[in-house]
$ cat model_1.txt   # compact mmCIF, C-alpha atoms
# COMPACT_ATOMS: atom_id res chain seq x y z
CA MET W 552 26.88 153.48 67.13
CA ALA W 553 25.54 154.34 63.69
CA ASP W 554 22.19 152.90 62.66
CA GLU W 555 22.33 150.12 60.12
CA VAL W 556 19.38 150.36 57.76
CA LYS W 557 18.74 147.98 54.88
CA LEU W 558 15.74 147.70 52.60
CA HIS W 559 15.10 144.49 50.70
CA GLY W 560 13.04 145.18 47.62
CA VAL W 561 12.52 145.33 43.89
CA THR W 562 12.34 148.58 41.94
CA GLY W 563 9.15 147.53 40.13
CA SER W 564 7.07 147.35 43.30
CA PRO W 565 4.97 150.33 44.46
CA PHE W 566 4.97 148.82 47.97
CA VAL W 567 8.76 148.94 48.09
CA CYS W 568 8.57 152.48 46.70
CA ARG W 569 6.43 153.52 49.69
CA ALA W 570 9.27 152.53 52.00
CA VAL W 571 11.86 154.27 49.80
CA ILE W 572 9.86 157.52 49.82
CA ALA W 573 9.65 157.42 53.62
CA LEU W 574 13.39 156.78 53.95
CA ASN W 575 14.23 159.60 51.53
CA LEU W 576 11.77 161.98 53.18
CA LYS W 577 13.59 161.51 56.47
CA GLY W 578 17.02 161.66 54.84
CA ILE W 579 17.99 158.23 56.17
CA ASN W 580 21.11 156.49 54.86
CA TYR W 581 20.26 152.97 53.89
CA GLU W 582 21.42 150.09 51.75
CA PHE W 583 19.03 148.82 49.08
CA VAL W 584 19.23 145.07 48.66
CA ALA W 585 17.75 144.18 45.27
CA GLU W 586 15.80 140.93 45.37
CA ASP W 587 15.13 138.56 42.50
CA PHE W 588 11.77 136.80 42.88
CA SER W 589 13.01 133.76 41.04
CA ASN W 590 15.92 133.51 43.47
CA LYS W 591 15.01 135.05 46.82
CA SER W 592 17.92 135.83 49.12
CA ALA W 593 18.53 133.78 52.26
CA ASP W 594 18.06 136.97 54.27
CA LEU W 595 14.62 137.62 52.78
CA LEU W 596 13.48 134.09 53.62
CA LYS W 597 14.97 134.44 57.10
CA TYR W 598 13.44 137.82 57.91
CA ASN W 599 10.06 137.30 56.25
CA PRO W 600 9.40 133.57 56.61
CA VAL W 601 5.63 134.08 56.72
CA TYR W 602 5.16 135.85 53.39
CA LYS W 603 8.65 135.74 51.77
CA LYS W 604 7.81 139.13 50.21
CA VAL W 605 9.28 142.58 49.83
CA PRO W 606 9.63 145.17 51.19
CA VAL W 607 11.52 144.14 54.31
CA LEU W 608 13.19 146.87 56.35
CA LEU W 609 16.10 145.81 58.53
CA HIS W 610 16.97 148.25 61.30
CA ASN W 611 20.06 147.13 63.19
CA GLY W 612 19.17 143.59 62.22
CA ASN W 613 15.53 143.82 63.31
CA PRO W 614 13.05 143.11 60.50
CA ILE W 615 9.95 145.24 59.94
CA LEU W 616 7.45 143.92 57.40
CA GLU W 617 4.47 145.25 55.39
CA SER W 618 4.94 148.55 53.60
CA LEU W 619 2.53 150.68 55.66
CA VAL W 620 3.88 149.24 58.92
CA ILE W 621 7.38 150.09 57.68
CA VAL W 622 6.38 153.68 56.86
CA GLU W 623 4.81 154.18 60.31
CA TYR W 624 7.88 152.64 61.96
CA ILE W 625 10.18 155.00 60.05
CA ASP W 626 8.04 157.96 61.14
CA GLU W 627 8.20 156.94 64.79
CA VAL W 628 11.91 156.22 64.96
CA TRP W 629 13.31 159.07 62.88
CA LYS W 630 12.07 162.56 63.70
CA GLY W 631 12.30 165.37 61.14
CA VAL W 632 9.71 165.62 58.38
CA PRO W 633 6.49 164.18 59.87
CA ILE W 634 4.66 161.48 57.92
CA LEU W 635 1.68 161.03 60.23
CA PRO W 636 -0.36 163.79 61.84
CA GLN W 637 0.09 164.33 65.58
CA ASP W 638 -3.60 164.58 66.37
CA ALA W 639 -5.13 161.17 67.14
CA TYR W 640 -8.25 161.75 65.03
CA GLU W 641 -6.28 163.04 62.02
CA LYS W 642 -3.94 160.08 62.44
CA ALA W 643 -6.91 157.70 62.38
CA GLN W 644 -8.18 159.33 59.18
CA ALA W 645 -4.75 159.02 57.54
CA ARG W 646 -4.57 155.34 58.53
CA PHE W 647 -8.07 154.78 57.18
CA TRP W 648 -7.21 156.20 53.74
CA ALA W 649 -3.87 154.39 53.61
CA LYS W 650 -5.70 151.12 54.39
CA PHE W 651 -8.27 151.99 51.74
CA MET W 652 -5.40 152.13 49.26
CA ASP W 653 -4.28 148.66 50.36
CA ASP W 654 -7.72 147.07 50.58
CA LYS W 655 -9.51 148.61 47.62
CA CYS W 656 -7.34 150.70 45.29
CA ASP W 657 -4.19 148.67 44.81
CA PRO W 658 -6.01 145.35 44.22
CA ALA W 659 -8.34 147.13 41.75
CA ILE W 660 -5.39 148.71 39.94
CA PHE W 661 -3.63 145.35 39.81
CA LYS W 662 -6.74 143.78 38.28
CA VAL W 663 -6.89 146.48 35.62
CA ILE W 664 -3.24 145.99 34.73
CA SER W 665 -3.31 142.20 34.70
CA SER W 666 -6.53 142.13 32.65
CA HIS W 667 -5.20 144.73 30.21
CA GLY W 668 -7.95 147.17 30.99
CA GLU W 669 -10.94 144.83 30.98
CA GLU W 670 -14.17 146.84 31.31
CA GLN W 671 -15.38 145.49 34.66
CA ALA W 672 -11.91 145.84 36.19
CA VAL W 673 -11.68 149.45 35.04
CA ALA W 674 -15.16 150.18 36.43
CA GLU W 675 -14.14 148.80 39.83
CA ALA W 676 -10.91 150.79 39.82
CA HIS W 677 -12.83 153.94 38.91
CA GLU W 678 -15.21 153.35 41.80
CA ALA W 679 -12.27 153.17 44.21
CA LEU W 680 -10.49 156.15 42.65
CA GLN W 681 -13.66 158.24 42.84
CA PHE W 682 -13.55 158.10 46.65
CA LEU W 683 -10.02 159.54 46.57
CA GLU W 684 -11.01 162.12 43.98
CA ASN W 685 -13.87 163.23 46.27
CA GLU W 686 -11.58 163.37 49.29
CA LEU W 687 -9.22 165.73 47.46
CA LYS W 688 -12.16 167.80 46.20
CA VAL W 689 -13.76 168.12 49.63
CA LYS W 690 -10.56 169.00 51.47
CA GLY W 691 -9.30 171.27 48.68
CA ASN W 692 -5.66 170.56 49.51
CA LYS W 693 -2.61 170.07 47.35
CA TYR W 694 -1.92 166.68 48.90
CA PHE W 695 -3.87 164.20 50.99
CA GLY W 696 -1.64 165.40 53.83
CA GLY W 697 -2.52 169.06 53.25
CA ASP W 698 0.37 171.33 52.22
CA ASN W 699 2.83 168.49 52.63
CA ILE W 700 2.70 164.82 51.74
CA ASN W 701 1.72 162.35 54.44
CA LEU W 702 1.07 158.64 54.93
CA VAL W 703 -1.86 158.68 52.49
CA ASP W 704 0.13 160.29 49.68
CA ILE W 705 2.91 157.77 50.26
CA ALA W 706 0.42 154.90 50.23
CA ALA W 707 -1.07 156.20 46.97
CA ILE W 708 2.18 156.10 44.94
CA SER W 709 0.78 153.42 42.65
CA ILE W 710 -1.93 155.83 41.54
CA ALA W 711 0.54 158.64 40.87
CA TYR W 712 3.12 156.63 38.98
CA TRP W 713 2.29 152.99 38.35
CA ILE W 714 -1.03 153.67 36.63
CA GLY W 715 0.63 156.02 34.14
CA ALA W 716 3.39 153.52 33.41
CA ALA W 717 0.83 150.73 32.93
CA GLU W 718 -1.24 152.91 30.63
CA GLU W 719 1.81 153.43 28.44
CA ALA W 720 2.99 149.82 28.65
CA LEU W 721 -0.35 148.24 27.80
CA GLY W 722 -2.13 150.90 25.77
CA ILE W 723 -4.99 151.34 28.23
CA GLU W 724 -6.61 154.35 29.88
CA VAL W 725 -7.44 154.36 33.57
CA LEU W 726 -6.84 157.76 35.13
CA SER W 727 -8.19 160.30 32.65
CA LYS W 728 -7.79 164.00 33.45
CA HIS W 729 -11.39 164.52 32.43
CA LYS W 730 -12.80 162.00 34.90
CA PHE W 731 -10.29 162.57 37.70
CA PRO W 732 -9.09 166.20 37.53
CA LYS W 733 -8.12 166.42 41.21
CA LEU W 734 -6.22 163.13 41.23
CA THR W 735 -4.42 164.11 38.03
CA GLU W 736 -3.38 167.45 39.53
CA TRP W 737 -2.33 165.78 42.78
CA SER W 738 -0.34 163.22 40.82
CA ASP W 739 1.60 165.86 38.87
CA ASN W 740 2.50 167.74 42.07
CA TYR W 741 3.30 164.62 44.01
CA VAL W 742 5.77 162.99 41.61
CA ASN W 743 7.67 166.28 41.46
CA CYS W 744 8.34 166.41 45.22
CA GLN W 745 12.07 165.94 45.67
CA ALA W 746 11.86 162.97 48.03
CA VAL W 747 9.40 161.26 45.72
CA LYS W 748 11.38 162.04 42.55
CA ASP W 749 14.45 160.52 44.18
CA SER W 750 12.50 157.36 44.98
CA LEU W 751 10.89 156.53 41.66
CA PRO W 752 12.33 154.06 39.17
CA PRO W 753 12.95 155.66 35.73
CA ILE W 754 9.67 155.58 33.82
CA GLU W 755 11.17 153.77 30.80
CA ASN W 756 12.38 150.98 33.08
CA LEU W 757 8.99 150.67 34.76
CA VAL W 758 7.16 150.66 31.43
CA ALA W 759 9.49 147.94 30.14
CA PHE W 760 9.06 145.95 33.36
CA LEU W 761 5.25 146.15 33.20
CA LYS W 762 5.24 145.27 29.50
CA LYS W 763 7.31 142.18 30.21
CA ARG W 764 5.40 141.15 33.33
CA PHE W 765 1.90 141.66 31.99
CA SER W 766 2.22 141.10 28.26
CA LYS W 767 -0.38 138.71 26.91
CA ALA W 768 0.98 135.33 25.81
CA GLU W 769 1.43 135.10 22.04
CA MET K 1460 -33.05 158.53 73.49
CA SER K 1461 -29.91 160.66 73.54
CA SER K 1462 -28.56 162.34 70.43
CA ILE K 1463 -25.10 161.63 69.10
CA GLU K 1464 -23.80 164.96 70.40
CA GLU K 1465 -24.98 164.24 73.95
CA SER K 1466 -23.04 160.99 74.29
CA GLU K 1467 -19.33 161.63 74.04
CA VAL K 1468 -18.51 158.10 72.90
CA VAL K 1469 -20.88 156.08 70.74
CA LEU K 1470 -20.26 152.65 69.27
CA LEU K 1471 -22.14 151.50 66.19
CA GLY K 1472 -21.90 147.73 66.31
CA TRP K 1473 -23.54 144.38 65.79
CA TRP K 1474 -23.77 141.64 68.39
CA ALA K 1475 -22.27 138.96 66.10
CA SER K 1476 -19.42 141.05 64.72
CA MET K 1477 -15.95 140.01 65.85
CA TYR K 1478 -14.66 143.43 64.97
CA THR K 1479 -17.25 145.12 67.16
CA SER K 1480 -16.18 142.77 69.99
CA ARG K 1481 -12.61 143.84 69.44
CA VAL K 1482 -13.52 147.48 70.00
CA ARG K 1483 -15.68 146.62 73.03
CA ILE K 1484 -12.68 144.88 74.59
CA ALA K 1485 -10.54 147.98 74.05
CA LEU K 1486 -13.18 150.35 75.47
CA SER K 1487 -13.60 148.07 78.47
CA GLU K 1488 -9.85 147.76 79.14
CA LYS K 1489 -9.65 151.54 79.16
CA CYS K 1490 -12.78 151.83 81.35
CA ILE K 1491 -14.43 154.14 78.82
CA ASN K 1492 -18.15 154.72 79.13
CA TYR K 1493 -19.94 154.60 75.84
CA GLU K 1494 -23.37 154.41 74.32
CA ASN K 1495 -23.97 151.25 72.37
CA LYS K 1496 -26.11 151.58 69.24
CA GLU K 1497 -26.87 148.15 67.84
CA GLN K 1498 -27.07 148.26 64.04
CA ASP K 1499 -29.12 146.31 61.52
CA ILE K 1500 -26.43 145.14 59.14
CA VAL K 1501 -28.89 143.97 56.50
CA ASN K 1502 -31.11 147.04 56.32
CA LYS K 1503 -28.46 149.60 57.11
CA GLY K 1504 -29.71 152.67 58.89
CA PRO K 1505 -28.89 156.33 58.17
CA LEU K 1506 -26.48 156.55 61.11
CA LEU K 1507 -24.23 153.80 59.78
CA LEU K 1508 -24.42 155.09 56.23
CA LYS K 1509 -23.55 158.59 57.40
CA HIS K 1510 -20.62 157.61 59.60
CA ASN K 1511 -19.11 154.90 57.37
CA PRO K 1512 -20.15 155.88 53.85
CA ILE K 1513 -17.34 154.02 52.11
CA TYR K 1514 -17.60 150.57 53.64
CA LYS K 1515 -21.04 150.83 55.33
CA LYS K 1516 -19.77 148.42 58.00
CA VAL K 1517 -19.56 148.10 61.76
CA PRO K 1518 -17.86 148.89 64.02
CA VAL K 1519 -17.77 152.68 63.91
CA LEU K 1520 -16.65 154.69 66.90
CA ILE K 1521 -18.12 158.17 67.14
CA HIS K 1522 -16.17 160.37 69.53
CA LYS K 1523 -17.54 163.88 70.08
CA GLY K 1524 -19.42 163.56 66.83
CA LYS K 1525 -16.39 162.48 64.74
CA SER K 1526 -16.34 158.99 63.28
CA ILE K 1527 -13.49 156.51 63.23
CA CYS K 1528 -13.82 153.34 61.16
CA ASP K 1529 -12.00 150.00 61.00
CA SER K 1530 -11.55 148.05 64.22
CA LYS K 1531 -7.71 148.07 64.35
CA ILE K 1532 -7.63 151.79 63.59
CA ILE K 1533 -10.30 152.38 66.26
CA VAL K 1534 -8.30 150.44 68.87
CA GLN K 1535 -5.17 152.47 68.09
CA TYR K 1536 -7.23 155.67 68.29
CA ILE K 1537 -8.59 154.62 71.68
CA ASP K 1538 -5.08 153.87 72.94
CA GLU K 1539 -3.72 157.20 71.68
CA THR K 1540 -6.63 159.32 72.91
CA TRP K 1541 -7.15 157.83 76.36
CA LYS K 1542 -3.50 157.71 77.33
CA GLU K 1543 -4.05 157.00 81.03
CA GLY K 1544 -4.89 153.52 82.21
CA TYR K 1545 -4.11 150.26 80.49
CA SER K 1546 -1.78 150.40 77.44
CA LEU K 1547 -3.20 148.47 74.52
CA LEU K 1548 -0.16 148.78 72.24
CA PRO K 1549 3.54 148.61 73.05
CA SER K 1550 5.28 151.98 73.24
CA ASP K 1551 8.48 150.65 71.65
CA PRO K 1552 8.28 151.30 67.87
CA TYR K 1553 9.75 147.92 66.94
CA LEU K 1554 7.38 145.96 69.20
CA LYS K 1555 4.53 148.11 67.91
CA SER K 1556 5.45 147.21 64.32
CA GLN K 1557 5.46 143.52 65.26
CA ALA K 1558 2.02 143.89 66.86
CA ALA K 1559 0.72 145.61 63.71
CA PHE K 1560 2.12 142.81 61.53
CA TRP K 1561 0.53 140.02 63.56
CA ALA K 1562 -2.84 141.73 63.88
CA ASP K 1563 -2.82 142.13 60.12
CA TYR K 1564 -1.85 138.45 59.65
CA ILE K 1565 -4.72 137.40 61.88
CA ASP K 1566 -7.23 139.51 59.97
CA LYS K 1567 -5.97 138.25 56.63
CA HIS K 1568 -6.23 134.54 57.43
CA ILE K 1569 -8.21 133.43 60.45
CA TYR K 1570 -11.82 134.25 59.62
CA GLU K 1571 -11.65 133.30 55.94
CA GLY K 1572 -9.71 130.17 56.85
CA ALA K 1573 -12.27 129.00 59.40
CA LYS K 1574 -15.20 129.90 57.16
CA LYS K 1575 -13.72 127.92 54.27
CA VAL K 1576 -13.51 124.81 56.46
CA MET K 1577 -17.09 125.26 57.62
CA MET K 1578 -18.50 125.82 54.15
CA SER K 1579 -16.67 123.01 52.33
CA LYS K 1580 -17.13 119.26 52.23
CA GLY K 1581 -15.12 116.10 51.72
CA GLU K 1582 -11.69 116.47 50.17
CA GLU K 1583 -12.09 120.26 49.87
CA ARG K 1584 -12.74 120.46 53.59
CA GLN K 1585 -9.63 118.49 54.48
CA LYS K 1586 -7.54 120.80 52.28
CA ALA K 1587 -9.14 123.86 53.86
CA LEU K 1588 -8.60 122.44 57.33
CA ASP K 1589 -4.90 121.79 56.69
CA GLU K 1590 -4.51 125.35 55.48
CA PHE K 1591 -6.44 126.80 58.44
CA LEU K 1592 -4.53 124.79 61.02
CA GLY K 1593 -1.35 125.92 59.29
CA TYR K 1594 -2.26 129.54 60.05
CA LEU K 1595 -3.04 128.67 63.67
CA LYS K 1596 0.27 126.85 64.04
CA VAL K 1597 2.10 129.97 62.78
CA LEU K 1598 0.34 131.89 65.53
CA GLU K 1599 1.15 129.25 68.15
CA ASN K 1600 4.76 129.55 67.09
CA GLU K 1601 4.65 133.32 67.49
CA LEU K 1602 3.04 132.98 70.93
CA GLY K 1603 5.81 130.62 72.01
CA GLU K 1604 6.10 130.36 75.78
CA LYS K 1605 4.73 133.83 76.44
CA PRO K 1606 1.46 134.07 78.39
CA TYR K 1607 0.15 136.55 75.82
CA PHE K 1608 1.16 137.56 72.30
CA ASN K 1609 1.93 140.94 73.86
CA GLY K 1610 4.29 139.34 76.40
CA GLU K 1611 3.44 139.40 80.10
CA SER K 1612 0.29 141.41 79.62
CA PHE K 1613 -2.78 141.25 77.38
CA GLY K 1614 -2.48 143.55 74.37
CA PHE K 1615 -3.25 144.45 70.77
CA VAL K 1616 -2.51 141.11 69.13
CA ASP K 1617 -4.35 139.19 71.86
CA MET K 1618 -7.33 141.46 71.31
CA ALA K 1619 -7.02 140.95 67.56
CA LEU K 1620 -7.24 137.16 67.82
CA ILE K 1621 -9.52 136.54 70.83
CA CYS K 1622 -12.35 138.48 69.22
CA TYR K 1623 -12.74 135.56 66.78
CA TYR K 1624 -13.02 132.96 69.53
CA SER K 1625 -16.79 132.48 69.68
CA HIS K 1626 -16.84 132.13 65.91
CA LEU K 1627 -14.00 129.60 65.96
CA ILE K 1628 -15.89 127.51 68.52
CA ALA K 1629 -19.11 127.70 66.50
CA TYR K 1630 -17.49 127.12 63.11
CA GLY K 1631 -15.52 124.27 64.61
CA ARG K 1632 -18.75 122.50 65.56
CA ILE K 1633 -19.96 122.73 61.99
CA GLY K 1634 -16.59 122.25 60.27
CA ASN K 1635 -15.41 119.50 62.60
CA PHE K 1636 -12.36 121.14 64.08
CA SER K 1637 -11.57 121.98 67.69
CA ILE K 1638 -9.26 124.67 69.01
CA GLU K 1639 -9.01 122.66 72.22
CA LYS K 1640 -7.86 119.47 70.49
CA ASP K 1641 -6.13 120.78 67.38
CA THR K 1642 -4.23 123.73 68.85
CA PRO K 1643 -3.99 123.15 72.62
CA LYS K 1644 -1.50 125.97 73.13
CA LEU K 1645 -3.89 128.47 71.57
CA PHE K 1646 -6.72 126.96 73.60
CA ALA K 1647 -4.76 127.58 76.82
CA TRP K 1648 -4.04 131.14 75.73
CA ALA K 1649 -7.70 131.72 74.80
CA SER K 1650 -8.92 130.32 78.13
CA GLN K 1651 -6.61 132.77 79.88
CA CYS K 1652 -7.98 135.67 77.82
CA MET K 1653 -11.58 134.64 78.45
CA LYS K 1654 -10.99 135.11 82.20
CA ARG K 1655 -10.75 138.84 81.56
CA GLU K 1656 -14.09 140.52 82.06
CA SER K 1657 -13.44 142.85 79.13
CA VAL K 1658 -13.23 139.81 76.86
CA SER K 1659 -15.96 137.57 78.27
CA LYS K 1660 -18.46 140.44 78.21
CA ALA K 1661 -17.52 141.53 74.68
CA LEU K 1662 -17.78 138.21 72.87
CA ALA K 1663 -21.04 136.83 71.57
CA ASP K 1664 -22.37 133.54 72.92
CA PRO K 1665 -20.84 130.80 70.72
CA ASN K 1666 -24.20 128.99 70.69
CA LYS K 1667 -25.87 132.01 69.14
CA ILE K 1668 -23.05 132.26 66.56
CA TYR K 1669 -23.58 128.55 65.86
CA GLU K 1670 -27.29 129.15 65.24
CA LEU K 1671 -26.51 132.07 62.94
CA ALA K 1672 -23.81 130.17 61.04
CA SER K 1673 -25.97 127.03 60.73
CA ALA K 1674 -28.76 129.06 59.20
CA HIS K 1675 -26.37 130.17 56.47
CA THR K 1676 -24.60 126.90 55.91
CA PHE K 1677 -27.32 124.30 55.56
$ encode --input "model_1.txt" --output "structure tokens"
Amino acid sequence: MADEVKLHGVTGSPFVCRAVIALNLKGINYEFVAEDFSNKSADLLKYNPVYKKVPVLLHNGNPILESLVIVEYIDEVWKGVPILPQDAYEKAQARFWAKFMDDKCDPAIFKVISSHGEEQAVAEAHEALQFLENELKVKGNKYFGGDNINLVDIAAISIAYWIGAAEEALGIEVLSKHKFPKLTEWSDNYVNCQAVKDSLPPIENLVAFLKKRFSKAE
Amino acid sequence: MSSIEESEVVLLGWWASMYTSRVRIALSEKCINYENKEQDIVNKGPLLLKHNPIYKKVPVLIHKGKSICDSKIIVQYIDETWKEGYSLLPSDPYLKSQAAFWADYIDKHIYEGAKKVMMSKGEERQKALDEFLGYLKVLENELGEKPYFNGESFGFVDMALICYYSHLIAYGRIGNFSIEKDTPKLFAWASQCMKRESVSKALADPNKIYELASAHTF
């Protein structure tokens, strides 16, 4: 029996994008169910009653929630391109950095975007980004995963793409090449990986979405 | 006093930390010998700062000189490294994803929820209590008729929640809530967990937590 895979999401969400990258990396056929936050589908409310949020992965009717949990699930079920390292210690390190993205980076980036680049928010985001910059510097690799992208790169999609779109949409600067040379280089390489390219919403659409969502009230 | 390299497994922890308790439970379930290094969490020592430079928090597991941070990540590392003996996580990817979701839910809501009740007064406290009990009811619902969140045997989600128990008892005394009276199903589950030596030995004395919490509340 063929696997039935559905992903409930919105194209403007970096968390949904994480799941899309994982699915594309593994070459999995899936159906994307576009959600409207002002009118959430009955399925979304049924499969994620606790948070009522996207992304939700449905695998043969079984729901998997939370973007990083979804990515790990995809890696375990579908072999092929590995997303997590095999070694337990390396795996723990990858999980740590992915969680760092969730706990520190993404909230900081969100604050910068929603505050239109307020000084304190930018300072906090820079502090978080500096840890990632150092990690790339110390390891000296192309990606957080080494020669190939891994869980951490996938988790960090908002840095590689959403920051740039927000900078354009709101006329702010967050990730300067001067301050973050390694992250900038990583970003350029990362968004050009085929699986990632196939997963990203067109930049004009994302810029328009962010402009609309975060524009200051007149 | 042995050096880090001499002890294969070292735990940097603090007696009142739920997250340290969580790791102690895991180490105990796996019958792993370790050296316990109690940390001063106010005046943080060089060991903690070296092995968890980003968060500077306990617990940190040091295995053969390499550090692993974050209690849930540490527990997974323990399960994946010491494969023989008791299984802490389900092997089925779907069940594993559910366990990850619920452990994350617990960490997002339970401590902050209980603390809010304890620290607030009057109308604010009632509101906080309703919210907190709401989270516990969600968990009771998830537990259902199973003896453990993990099913027939004690596992990851049980470990994730029971590590808060001493704090919930102590905070309940201050905040005027009772797991026994307000969520009897969870109380029954907790009593069952507390019968395990790994749990009863790992948790701090609720009276000592009460003293600590009282000092900060009044």
$ atom_distance --input "model_1.txt" --atom1 "atom CA of W:Val556" --atom2 "atom CA of W:Val571"
11.6 Å
$ residues_around --input "model_1.txt" --residues "K:Ala1619" --least-positions-apart "3" --cutoff "7 Å" --atoms "all atoms listed in the file" --output "JSON, numbers by chain"
{"K": [1481, 1562, 1615, 1616, 1622]}
$ closest_atom_pairs --input "model_1.txt" --of "chain K" --to "chain W" --cutoff "8 Å" --atoms "all atoms listed in the file" --output "Markdown table"
| residue | atom | partner | partner_atom | distance |
| --- | --- | --- | --- | --- |
| K:Ile1513 | CA | W:Phe682 | CA | 7.8 |
| K:Ile1527 | CA | W:Ala643 | CA | 6.7 |
| K:Cys1528 | CA | W:Phe647 | CA | 7.1 |
| K:Asp1529 | CA | W:Phe647 | CA | 7.3 |
| K:Ile1532 | CA | W:Ala643 | CA | 6.1 |
| K:Ile1533 | CA | W:Ala643 | CA | 7.4 |
| K:Gln1535 | CA | W:Ala643 | CA | 7.9 |
| K:Tyr1536 | CA | W:Ala639 | CA | 6.0 |
| K:Glu1539 | CA | W:Ala639 | CA | 6.2 |
| K:Thr1540 | CA | W:Ala639 | CA | 6.2 |
| K:Pro1552 | CA | W:Tyr624 | CA | 6.1 |
| K:Tyr1553 | CA | W:Tyr624 | CA | 7.1 |
| K:Ser1556 | CA | W:Val620 | CA | 6.0 |
| K:Gln1557 | CA | W:Ile615 | CA | 7.2 |
| K:Ala1559 | CA | W:Val620 | CA | 6.8 |
| K:Phe1560 | CA | W:Leu616 | CA | 6.8 |
$ write_last_selection --input "model_1.txt" --atoms "C-alpha atoms" --output "PDB file, keeping the file's coordinate frame"
ATOM      1  CA  ILE K1513     -17.340 154.020  52.110  1.00  0.00           C
ATOM      2  CA  ILE K1527     -13.490 156.510  63.230  1.00  0.00           C
ATOM      3  CA  CYS K1528     -13.820 153.340  61.160  1.00  0.00           C
ATOM      4  CA  ASP K1529     -12.000 150.000  61.000  1.00  0.00           C
ATOM      5  CA  ILE K1532      -7.630 151.790  63.590  1.00  0.00           C
ATOM      6  CA  ILE K1533     -10.300 152.380  66.260  1.00  0.00           C
ATOM      7  CA  GLN K1535      -5.170 152.470  68.090  1.00  0.00           C
ATOM      8  CA  TYR K1536      -7.230 155.670  68.290  1.00  0.00           C
ATOM      9  CA  GLU K1539      -3.720 157.200  71.680  1.00  0.00           C
ATOM     10  CA  THR K1540      -6.630 159.320  72.910  1.00  0.00           C
ATOM     11  CA  PRO K1552       8.280 151.300  67.870  1.00  0.00           C
ATOM     12  CA  TYR K1553       9.750 147.920  66.940  1.00  0.00           C
ATOM     13  CA  SER K1556       5.450 147.210  64.320  1.00  0.00           C
ATOM     14  CA  GLN K1557       5.460 143.520  65.260  1.00  0.00           C
ATOM     15  CA  ALA K1559       0.720 145.610  63.710  1.00  0.00           C
ATOM     16  CA  PHE K1560       2.120 142.810  61.530  1.00  0.00           C
TER      17      PHE K1560
END
$ atom_distance --input "model_1.txt" --atom1 "atom CA of W:Ile664" --atom2 "atom CA of W:Phe765"
7.3 Å
$ residues_around --input "model_1.txt" --residues "W:Met652" --least-positions-apart "3" --cutoff "9 Å" --atoms "only C-alpha atoms" --output "mmCIF file with C-alpha atoms, in the frame of the given file"
data_model
loop_
_atom_site.group_PDB
_atom_site.id
_atom_site.type_symbol
_atom_site.label_atom_id
_atom_site.label_comp_id
_atom_site.auth_asym_id
_atom_site.auth_seq_id
_atom_site.Cartn_x
_atom_site.Cartn_y
_atom_site.Cartn_z
ATOM 1 C CA PHE W 647 -8.070 154.780 57.180
ATOM 2 C CA TRP W 648 -7.210 156.200 53.740
ATOM 3 C CA ALA W 649 -3.870 154.390 53.610
ATOM 4 C CA LYS W 655 -9.510 148.610 47.620
ATOM 5 C CA CYS W 656 -7.340 150.700 45.290
ATOM 6 C CA ASP W 657 -4.190 148.670 44.810
ATOM 7 C CA PRO W 658 -6.010 145.350 44.220
ATOM 8 C CA ALA W 679 -12.270 153.170 44.210
ATOM 9 C CA VAL W 703 -1.860 158.680 52.490
ATOM 10 C CA ALA W 706 0.420 154.900 50.230
ATOM 11 C CA ALA W 707 -1.070 156.200 46.970
#
$ atom_distance --input "model_1.txt" --atom1 "atom CA of K:Leu1595" --atom2 "atom CA of K:His1568"
9.1 Å
$ closest_residue --input "model_1.txt" --among "W:Ala672, W:Ile700, W:Leu687, W:Leu574" --to "W:Pro636" --atoms "all atoms listed in the file"
W:Ile700
$ closest_residue --input "model_1.txt" --among "W:Lys662, W:Lys733, W:Lys604, W:Lys748" --to "W:Phe695" --atoms "only C-alpha atoms"
W:Lys733
$ closest_residue --input "model_1.txt" --among "K:Ile1537, K:Met1618, K:Ala1475, K:Val1469" --to "K:Lys1667" --atoms "only C-alpha atoms"
K:Ala1475
$ closest_residue --input "model_1.txt" --among "W:Leu757, W:Ala720, W:Ile714, W:Ala570" --to "W:Val673" --atoms "only C-alpha atoms"
W:Ile714
$ residues_around --input "model_1.txt" --residues "K:His1675" --least-positions-apart "5" --cutoff "12 Å" --atoms "all atoms listed in the file" --output "ChimeraX atom specification"
/K:1574,1577-1578,1630,1633,1668-1670
$ residues_around --input "model_1.txt" --residues "K:Ala1661" --least-positions-apart "6" --cutoff "12 Å" --atoms "all atoms listed in the file" --output "number ranges by chain"
K: 1472-1488, 1495, 1618, 1621-1625, 1652-1655
$ write_last_selection --input "model_1.txt" --atoms "C-alpha atoms" --output "compact mmCIF listing (two decimals), in the frame of the given file"
# COMPACT_ATOMS: atom_id res chain seq x y z
CA GLY K 1472 -21.90 147.73 66.31
CA TRP K 1473 -23.54 144.38 65.79
CA TRP K 1474 -23.77 141.64 68.39
CA ALA K 1475 -22.27 138.96 66.10
CA SER K 1476 -19.42 141.05 64.72
CA MET K 1477 -15.95 140.01 65.85
CA TYR K 1478 -14.66 143.43 64.97
CA THR K 1479 -17.25 145.12 67.16
CA SER K 1480 -16.18 142.77 69.99
CA ARG K 1481 -12.61 143.84 69.44
CA VAL K 1482 -13.52 147.48 70.00
CA ARG K 1483 -15.68 146.62 73.03
CA ILE K 1484 -12.68 144.88 74.59
CA ALA K 1485 -10.54 147.98 74.05
CA LEU K 1486 -13.18 150.35 75.47
CA SER K 1487 -13.60 148.07 78.47
CA GLU K 1488 -9.85 147.76 79.14
CA ASN K 1495 -23.97 151.25 72.37
CA MET K 1618 -7.33 141.46 71.31
CA ILE K 1621 -9.52 136.54 70.83
CA CYS K 1622 -12.35 138.48 69.22
CA TYR K 1623 -12.74 135.56 66.78
CA TYR K 1624 -13.02 132.96 69.53
CA SER K 1625 -16.79 132.48 69.68
CA CYS K 1652 -7.98 135.67 77.82
CA MET K 1653 -11.58 134.64 78.45
CA LYS K 1654 -10.99 135.11 82.20
CA ARG K 1655 -10.75 138.84 81.56
